[in-house]
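Dropping model_18.txt in here (compact mmCIF, C-alpha atoms):
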```txt
# COMPACT_ATOMS: atom_id res chain seq x y z
CA MET A 5 -14.36 -2.77 -8.13
CA ILE A 6 -11.19 -1.52 -6.43
CA PHE A 7 -8.86 -3.79 -4.45
CA TYR A 8 -6.60 -1.91 -2.06
CA PHE A 9 -4.03 -2.29 0.68
CA SER A 10 -2.94 0.35 3.17
CA GLY A 11 -1.15 0.32 6.50
CA CYS A 12 -0.83 3.99 7.46
CA GLY A 13 -3.72 5.42 5.47
CA ASN A 14 -2.08 7.00 2.41
CA SER A 15 -3.28 4.34 -0.01
CA ARG A 16 -6.62 4.07 1.77
CA HIS A 17 -7.17 7.78 1.10
CA VAL A 18 -6.37 7.32 -2.59
CA ALA A 19 -8.65 4.29 -2.82
CA GLU A 20 -11.53 6.12 -1.13
CA VAL A 21 -11.20 9.14 -3.40
CA LEU A 22 -11.19 6.91 -6.48
CA ALA A 23 -14.14 4.85 -5.23
CA GLU A 24 -16.18 7.96 -4.57
CA GLY A 25 -15.23 9.59 -7.87
CA LEU A 26 -15.98 6.45 -9.87
CA ASN A 27 -18.98 5.35 -7.81
CA ASP A 28 -17.16 2.08 -7.20
CA THR A 29 -16.83 -0.46 -4.39
CA LEU A 30 -13.76 -1.15 -2.26
CA VAL A 31 -12.29 -4.50 -1.22
CA PHE A 32 -9.53 -4.54 1.42
CA ILE A 33 -6.96 -7.05 0.18
CA PRO A 34 -5.76 -8.41 3.58
CA GLU A 35 -9.34 -9.04 4.68
CA ALA A 36 -10.26 -10.77 1.42
CA ALA A 37 -7.11 -12.91 1.61
CA ARG A 38 -7.81 -13.91 5.23
CA GLU A 39 -11.26 -15.08 4.24
CA GLY A 40 -10.02 -16.83 1.11
CA ASN A 41 -12.09 -14.57 -1.14
CA TYR A 42 -10.31 -14.67 -4.49
CA GLU A 43 -13.28 -15.05 -6.86
CA TYR A 44 -15.28 -12.01 -7.98
CA THR A 45 -17.78 -11.16 -10.68
CA LEU A 46 -17.68 -7.91 -12.63
CA THR A 47 -20.81 -6.49 -14.21
CA GLU A 48 -20.80 -5.49 -17.86
CA GLY A 49 -18.42 -2.57 -18.36
CA GLU A 50 -17.23 -2.56 -14.75
CA SER A 51 -13.58 -1.56 -14.33
CA LEU A 52 -11.03 -3.30 -12.12
CA GLY A 53 -8.65 -1.17 -10.06
CA PHE A 54 -5.85 -1.71 -7.57
CA VAL A 55 -4.40 0.74 -5.06
CA PHE A 56 -1.34 -0.01 -2.94
CA PRO A 57 1.79 1.54 -1.41
CA ILE A 58 5.28 1.12 -2.81
CA TYR A 59 7.67 -0.89 -0.64
CA ALA A 60 11.32 -0.49 -1.64
CA TRP A 61 10.49 0.44 -5.25
CA GLY A 62 7.97 -2.32 -5.85
CA PRO A 63 4.49 -3.59 -4.92
CA PRO A 64 4.07 -5.33 -1.54
CA ASP A 65 4.29 -9.12 -1.78
CA LEU A 66 0.82 -9.54 -0.28
CA VAL A 67 -0.67 -7.48 -3.14
CA MET A 68 1.11 -9.50 -5.81
CA ASN A 69 0.20 -12.80 -4.14
CA PHE A 70 -3.44 -11.73 -4.07
CA LEU A 71 -3.33 -10.71 -7.72
CA ARG A 72 -1.92 -14.08 -8.75
CA LYS A 73 -4.75 -15.92 -7.00
CA LEU A 74 -7.50 -13.53 -8.09
CA LYS A 75 -10.19 -14.91 -10.42
CA VAL A 76 -12.58 -12.54 -12.14
CA SER A 77 -15.71 -13.44 -14.08
CA SER A 78 -17.16 -10.89 -16.49
CA PRO A 79 -19.35 -10.72 -19.61
CA VAL A 80 -16.15 -10.29 -21.65
CA GLU A 81 -12.91 -12.19 -21.26
CA GLY A 82 -11.10 -10.49 -18.39
CA PRO A 83 -11.66 -6.95 -17.08
CA SER A 84 -12.88 -4.46 -19.67
CA TYR A 85 -10.65 -1.76 -18.13
CA LEU A 86 -7.85 -2.38 -15.65
CA TYR A 87 -5.74 0.19 -13.81
CA PHE A 88 -3.67 0.72 -10.68
CA ALA A 89 -2.62 3.66 -8.54
CA CYS A 90 0.35 3.39 -6.19
CA THR A 91 1.49 5.69 -3.41
CA CYS A 92 5.15 6.41 -2.80
CA GLY A 93 7.28 8.79 -0.78
CA ASP A 94 9.28 9.77 -3.83
CA GLU A 95 9.74 7.06 -6.49
CA CYS A 96 8.13 3.81 -7.61
CA GLY A 97 10.89 2.24 -9.71
CA LEU A 98 9.75 -0.41 -12.19
CA THR A 99 6.45 -1.12 -10.48
CA GLU A 100 4.56 -0.69 -13.75
CA ASN A 101 6.68 -3.37 -15.43
CA THR A 102 6.15 -5.76 -12.52
CA PHE A 103 2.40 -5.26 -12.40
CA ARG A 104 1.94 -5.29 -16.18
CA LYS A 105 3.79 -8.60 -16.42
CA ALA A 106 1.69 -10.13 -13.63
CA VAL A 107 -1.64 -9.19 -15.22
CA GLY A 108 -0.34 -10.30 -18.62
CA GLN A 109 0.34 -13.74 -17.20
CA LYS A 110 -3.36 -13.90 -16.32
CA GLY A 111 -4.31 -13.02 -19.89
CA TRP A 112 -5.35 -9.50 -18.90
CA LYS A 113 -4.18 -6.10 -20.14
CA LEU A 114 -3.16 -3.14 -18.00
CA ASP A 115 -4.81 -0.02 -19.40
CA ALA A 116 -3.66 2.72 -17.03
CA CYS A 117 -1.45 3.40 -14.04
CA PHE A 118 -0.16 6.33 -12.05
CA SER A 119 1.88 7.02 -8.95
CA VAL A 120 0.92 9.46 -6.21
CA GLN A 121 3.55 10.98 -3.96
CA MET A 122 2.41 10.93 -0.32
CA PRO A 123 4.19 11.51 3.02
CA GLU A 124 6.89 9.02 3.93
CA THR A 125 6.00 6.23 6.35
CA TYR A 126 8.95 3.80 6.25
CA ILE A 127 11.66 4.57 8.82
CA GLY A 128 12.75 1.04 9.68
CA MET A 129 16.38 1.52 8.67
CA PRO A 130 19.08 4.07 9.49
CA GLY A 131 18.94 7.02 7.10
CA PHE A 132 15.20 6.78 6.47
CA LYS A 133 13.14 9.59 7.97
CA LEU A 134 9.70 11.16 7.78
CA ASP A 135 8.85 14.26 5.80
CA THR A 136 8.66 17.53 7.66
CA GLU A 137 5.11 18.57 8.53
CA ALA A 138 5.21 21.26 5.86
CA ASN A 139 6.43 18.86 3.19
CA ALA A 140 3.84 16.25 4.18
CA LYS A 141 1.06 18.81 3.77
CA ARG A 142 2.47 19.88 0.41
CA LYS A 143 2.49 16.29 -0.82
CA ILE A 144 -1.11 15.69 0.24
CA VAL A 145 -2.33 18.82 -1.56
CA ALA A 146 -0.43 17.80 -4.71
CA ALA A 147 -1.75 14.24 -4.39
CA ASP A 148 -5.36 15.38 -4.33
CA ALA A 149 -4.73 17.42 -7.48
CA THR A 150 -3.22 14.35 -9.15
CA LEU A 151 -6.25 12.28 -8.17
CA GLU A 152 -8.70 14.85 -9.49
CA ARG A 153 -6.87 15.03 -12.83
CA ASN A 154 -6.60 11.28 -13.25
CA LEU A 155 -10.15 10.56 -12.14
CA ALA A 156 -11.31 12.24 -15.34
CA LYS A 157 -9.04 9.95 -17.35
CA LEU A 158 -10.29 6.85 -15.56
CA ARG A 159 -13.91 7.84 -16.14
CA ASN A 160 -13.13 8.20 -19.85
CA ARG A 161 -11.33 4.83 -19.89
CA GLU A 162 -8.15 6.41 -21.23
CA SER A 163 -4.91 4.49 -21.63
CA PHE A 164 -2.11 6.29 -19.81
CA SER A 165 0.94 5.87 -17.61
CA GLU A 166 2.14 8.52 -15.15
CA MET A 167 4.78 6.83 -13.03
CA THR A 168 7.67 8.50 -11.19
CA LYS A 169 10.32 5.83 -11.75
CA GLY A 170 13.34 7.69 -10.38
CA PRO A 171 17.02 7.06 -11.19
CA ILE A 172 18.66 3.59 -11.36
CA ALA A 173 15.16 2.09 -11.28
CA TRP A 174 16.33 -1.33 -12.46
CA LEU A 175 18.77 -1.71 -9.56
CA LYS A 176 16.22 -0.57 -6.99
CA SER A 177 13.31 -2.68 -8.23
CA ARG A 178 15.16 -5.79 -9.34
CA MET A 179 17.85 -6.01 -6.65
CA ILE A 180 16.81 -4.03 -3.56
CA HIS A 181 13.06 -4.73 -3.64
CA PRO A 182 13.36 -8.55 -3.47
CA GLY A 183 15.79 -8.20 -0.59
CA PHE A 184 13.33 -6.03 1.31
CA GLY A 185 10.68 -8.73 1.06
CA ARG A 186 13.06 -11.44 2.24
CA ILE A 187 14.98 -9.59 4.93
CA ALA A 188 13.54 -6.21 5.95
CA ALA A 189 9.91 -7.34 6.31
CA ASN A 190 10.86 -8.90 9.63
CA ASP A 191 9.01 -8.07 12.82
CA SER A 192 11.60 -9.50 15.20
CA LYS A 193 12.96 -6.04 16.06
CA TYR A 194 9.60 -4.61 17.12
CA CYS A 195 9.23 -3.99 20.83
CA SER A 196 7.20 -1.89 23.22
CA THR A 197 8.74 0.42 25.80
CA ASP A 198 7.58 1.04 29.36
CA ALA A 199 5.54 3.95 27.99
CA CYS A 200 2.98 1.40 26.69
CA ILE A 201 -0.51 2.11 28.04
CA HIS A 202 -1.92 -1.30 26.99
CA CYS A 203 -4.59 0.30 24.81
CA GLY A 204 -4.47 -2.29 22.01
CA LYS A 205 -4.37 0.27 19.19
CA CYS A 206 -1.52 -1.67 17.58
CA VAL A 207 -3.70 -4.79 17.52
CA GLU A 208 -6.60 -2.84 16.00
CA VAL A 209 -4.65 -1.27 13.14
CA CYS A 210 -2.51 -4.23 12.03
CA PRO A 211 -3.90 -5.18 8.59
CA LEU A 212 -2.58 -8.73 8.86
CA HIS A 213 -3.80 -9.39 12.43
CA ASN A 214 -0.16 -10.06 13.31
CA VAL A 215 -0.17 -8.26 16.67
CA THR A 216 -1.74 -9.47 19.91
CA LEU A 217 -1.60 -8.24 23.49
CA GLU A 218 -0.02 -10.59 25.99
CA GLU A 219 -0.11 -9.44 29.59
CA GLY A 220 -1.08 -6.05 28.21
CA ARG A 221 1.93 -5.66 25.92
CA PRO A 222 2.05 -6.11 22.12
CA GLN A 223 3.60 -9.22 20.63
CA TRP A 224 4.39 -9.75 16.96
CA HIS A 225 3.98 -13.17 15.35
CA GLY A 226 6.07 -13.27 12.17
CA ASN A 227 3.42 -12.40 9.59
CA CYS A 228 4.51 -8.81 8.95
CA THR A 229 4.55 -6.81 5.73
CA MET A 230 6.39 -3.90 7.39
CA CYS A 231 3.66 -1.31 6.87
CA MET A 232 4.70 0.18 10.26
CA GLY A 233 1.07 0.91 11.08
CA CYS A 234 1.52 -0.33 14.65
CA TYR A 235 4.43 2.07 15.18
CA HIS A 236 2.79 5.13 13.64
CA HIS A 237 -0.63 4.70 15.26
CA CYS A 238 0.61 4.16 18.83
CA PRO A 239 -0.87 7.09 20.80
CA VAL A 240 2.17 7.35 23.09
CA ASN A 241 4.93 6.32 20.64
CA ALA A 242 5.70 3.30 22.81
CA ILE A 243 6.54 1.00 19.89
CA GLN A 244 10.01 0.96 18.40
CA TYR A 245 11.73 -1.03 15.66
CA GLY A 246 15.10 -1.65 17.26
CA LYS A 247 17.06 1.59 17.35
CA ALA A 248 16.12 2.59 13.80
CA THR A 249 12.92 4.42 14.77
CA VAL A 250 14.05 6.13 17.97
CA GLY A 251 13.33 9.84 17.88
CA LYS A 252 11.98 9.86 14.32
CA GLY A 253 8.39 10.81 15.05
CA GLN A 254 5.16 9.37 13.66
CA TYR A 255 2.81 9.85 10.73
CA TYR A 256 -0.43 8.36 9.50
CA PHE A 257 -2.99 9.87 7.17
CA LYS A 258 -5.70 11.86 8.94
CA LYS A 259 -8.77 13.11 7.14
```
Could you show the structure in this file as structure tokens?
Amino acid sequence: MIFYFSGCGNSRHVAEVLAEGLNDTLVFIPEAAREGNYEYTLTEGESLGFVFPIYAWGPPDLVMNFLRKLKVSSPVEGPSYLYFACTCGDECGLTENTFRKAVGQKGWKLDACFSVQMPETYIGMPGFKLDTEANAKRKIVAADATLERNLAKLRNRESFSEMTKGPIAWLKSRMIHPGFGRIAANDSKYCSTDACIHCGKCVEVCPLHNVTLEEGRPQWHGNCTMCMGCYHHCPVNAIQYGKATVGKGQYYFKK
């Protein structure tokens, strides 16, 4: 069983590749959380996986909140094999430490983890920008190679860690990441321009059902994880996040 979260498709791609390669099932974390589904049963020998994007050098709060509430029944005490894969533009900081501590508090053991570099999606602050088209393609090709290599390890139930921490990881994960959750994950700056065609794509793609159309224009309702899916999926680039996103282009994973 693989629990995953994705806003712009990078982590969804990773989760789908892993599910196919391991002949496993997928559970979309926001949907499970909305329905209050926190109790699951693993068959004998079934592994437990998580796939999620990195937000400011750490796991998204909604993923960690789901993990804390998650209850798993299995023939043995806890999952027989537990792993996670995370997607990041460049670095993942101390995500492994954070996740390992959280599963340890549940009496479980993290067996494997790896990070996968994928095209950038977060551009909600000055200085943040998307990859060039060429660099995005390069990352996706390299990511698929990483997945193929690590799928063999997951099938063999190997213990391993392949995480791109990056420099000053402690500062980024312990100081900047909490601030992102408290301050930057704020949808108050989202707006639609007069280019809006009232198509409702932003409503459709929001994983938290945080966007609605009112008089044909999108409105945000304060339950945002800052995945920027609404911005990137808009077919006419009519959604902006204040001035931070103006002129920066769009990206979401396309098969």
Excluding Asn190 (chain A) and residues on its chain fewer than 4 positions from it, collect all residues at most 10 Å away from it, counting only C-alpha atoms, and give them as a list in words. Phe184, Gly185, Arg186, Tyr194, Trp224, His225, Gly226, Asn227, Cys228, Thr229, Met230 and Tyr245 of chain A
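Counting only C-alpha atoms and comparing A:Phe70, A:Phe9, A:Trp174, A:Tyr59, the residue that lies closest to Ala188 (chain A) is A:Tyr59.
Atom pair CA of Thr91 (chain A) / CA of Ala242 (chain A): separated by 26.7 Å.
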Distance query region 71-85 of chain A at most 12 Å, all atoms listed in the file, self and fewer than 5 positions along chain excluded, as a PyMOL selection string: chain A and resi 5-9+33-34+36-37+40-56+63-66+102-117+157-164
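With CA of Lys169 (chain A) on one side and CA of Ile127 (chain A) on the other, the separation reads 20.7 Å.
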Who sits within 9 Å of Gln244 (chain A), all atoms listed in the file, same chain under 5 positions skipped, as a list in words: Lys193, Tyr194, Cys195, Ser196, Thr197, Tyr235, Thr249 and Val250 of chain A
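Close contacts of Tyr256 (chain A), defined as residues with an atom at most 10 Å away when counting only C-alpha atoms, with chain neighbours fewer than 3 positions off set aside, comprise Gly11, Cys12, Gly13, Asn14, Pro123, Glu124, Thr125, Met232, Gly233, Tyr235, His236, His237 and Lys259 of chain A.
Put simply, CA of Asp135 (chain A) is 27.0 Å away from CA of Ile201 (chain A).
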Compile the contact shell of Leu22 (chain A) as a ChimeraX atom specification: residues with an atom at most 9 Å away, counting all atoms listed in the file, same-chain residues fewer than 5 positions apart removed. /A:6,17,27-28,151-152,155
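Closest approach to Gly62 (chain A) from the set A:Gln121, A:Asn101, A:Thr150, A:Ser177 is made by A:Ser177, with distances taken over all atoms listed in the file.
Comparing the minimum interatomic distances between Lys247 (chain A) and each of A:Leu175, A:Val67, A:Met129, A:Leu26, counting all atoms listed in the file, we find that A:Met129 sits nearest.
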For Ala149 (chain A), the closest of A:Trp61, A:Gly253, A:Val120, A:Ala248 counting only C-alpha atoms is A:Val120
Nearest residue to Arg178 (chain A) out of A:Cys206, A:Leu98, A:Ala146, A:Ala23, using all atoms listed in the file? A:Leu98
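If only C-alpha atoms are the atoms counted, then among A:Met68, A:Cys238, A:Asn154, A:Met122 the closest residue to Arg142 (chain A) is A:Met122.
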Box for region 130-136 of chain A - axis-aligned, 8 Å on each of the six sides, all listed atoms - centre and size in Å to one decimal, as lines of an AutoDock Vina configuration file.
```
center_x = 13.9
center_y = 10.8
center_z = 7.6
size_x = 26.4
size_y = 29.5
size_z = 19.7
```
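For the point (3.5, 0.4, 30.5), the residues with at least one atom inside 12 Å, counting all atoms listed in the file, are Ser196, Thr197, Asp198, Ala199, Cys200, Ile201, His202, Cys203, Gly204, Glu219, Gly220, Arg221, Pro222, Val240, Asn241, Ala242 and Ile243 of chain A.
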Prev. selection, C-alpha atoms, output as an mmCIF file, in the frame of the given file:
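out-v9.cif, freshly written:
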```cif
data_model
loop_
_atom_site.group_PDB
_atom_site.id
_atom_site.type_symbol
_atom_site.label_atom_id
_atom_site.label_comp_id
_atom_site.auth_asym_id
_atom_site.auth_seq_id
_atom_site.Cartn_x
_atom_site.Cartn_y
_atom_site.Cartn_z
ATOM 1 C CA SER A 196 7.200 -1.890 23.220
ATOM 2 C CA THR A 197 8.740 0.420 25.800
ATOM 3 C CA ASP A 198 7.580 1.040 29.360
ATOM 4 C CA ALA A 199 5.540 3.950 27.990
ATOM 5 C CA CYS A 200 2.980 1.400 26.690
ATOM 6 C CA ILE A 201 -0.510 2.110 28.040
ATOM 7 C CA HIS A 202 -1.920 -1.300 26.990
ATOM 8 C CA CYS A 203 -4.590 0.300 24.810
ATOM 9 C CA GLY A 204 -4.470 -2.290 22.010
ATOM 10 C CA GLU A 219 -0.110 -9.440 29.590
ATOM 11 C CA GLY A 220 -1.080 -6.050 28.210
ATOM 12 C CA ARG A 221 1.930 -5.660 25.920
ATOM 13 C CA PRO A 222 2.050 -6.110 22.120
ATOM 14 C CA VAL A 240 2.170 7.350 23.090
ATOM 15 C CA ASN A 241 4.930 6.320 20.640
ATOM 16 C CA ALA A 242 5.700 3.300 22.810
ATOM 17 C CA ILE A 243 6.540 1.000 19.890
#
```
If I only have part of region 29-46 of chain A, can you fill in N, CA and C atoms and write it as a short mmCIF file (atom, residue, chain, number, x, y, z; two decimals), in the frame of the given file?
```cif
data_model
loop_
_atom_site.label_atom_id
_atom_site.label_comp_id
_atom_site.auth_asym_id
_atom_site.auth_seq_id
_atom_site.Cartn_x
_atom_site.Cartn_y
_atom_site.Cartn_z
N THR A 29 -16.90 0.22 -5.68
CA THR A 29 -16.83 -0.46 -4.39
C THR A 29 -15.39 -0.80 -4.04
N LEU A 30 -15.10 -0.85 -2.75
CA LEU A 30 -13.76 -1.15 -2.26
C LEU A 30 -13.69 -2.53 -1.63
N VAL A 31 -12.57 -3.21 -1.86
CA VAL A 31 -12.29 -4.50 -1.22
C VAL A 31 -10.90 -4.40 -0.60
N PHE A 32 -10.80 -4.62 0.72
CA PHE A 32 -9.53 -4.54 1.42
C PHE A 32 -8.79 -5.86 1.23
N ILE A 33 -7.66 -5.84 0.57
CA ILE A 33 -6.96 -7.05 0.18
C ILE A 33 -6.63 -7.97 1.36
N PRO A 34 -6.06 -7.49 2.47
CA PRO A 34 -5.76 -8.41 3.58
C PRO A 34 -6.99 -9.13 4.11
N GLU A 35 -8.12 -8.41 4.19
CA GLU A 35 -9.34 -9.04 4.68
C GLU A 35 -9.84 -10.11 3.72
N ALA A 36 -9.82 -9.79 2.42
CA ALA A 36 -10.26 -10.77 1.42
C ALA A 36 -9.36 -12.00 1.44
N ALA A 37 -8.05 -11.79 1.59
CA ALA A 37 -7.11 -12.91 1.61
C ALA A 37 -7.31 -13.78 2.85
N ARG A 38 -7.56 -13.15 4.00
CA ARG A 38 -7.81 -13.91 5.23
C ARG A 38 -9.01 -14.82 5.09
N GLU A 39 -10.03 -14.32 4.40
CA GLU A 39 -11.26 -15.08 4.24
C GLU A 39 -11.24 -15.99 3.03
N GLY A 40 -10.13 -15.98 2.29
CA GLY A 40 -10.02 -16.83 1.11
C GLY A 40 -10.90 -16.39 -0.04
N ASN A 41 -11.23 -15.10 -0.08
CA ASN A 41 -12.09 -14.57 -1.14
C ASN A 41 -11.25 -14.11 -2.33
N TYR A 42 -11.10 -14.98 -3.31
CA TYR A 42 -10.31 -14.67 -4.49
C TYR A 42 -11.15 -14.68 -5.77
N GLU A 43 -12.43 -14.97 -5.67
CA GLU A 43 -13.28 -15.05 -6.86
C GLU A 43 -14.34 -13.94 -6.82
N TYR A 44 -14.38 -13.15 -7.90
CA TYR A 44 -15.28 -12.01 -7.98
C TYR A 44 -15.91 -11.95 -9.36
N THR A 45 -17.07 -11.32 -9.42
CA THR A 45 -17.78 -11.16 -10.68
C THR A 45 -17.93 -9.67 -10.99
N LEU A 46 -17.53 -9.29 -12.18
CA LEU A 46 -17.68 -7.91 -12.63
C LEU A 46 -18.92 -7.80 -13.51
#
```
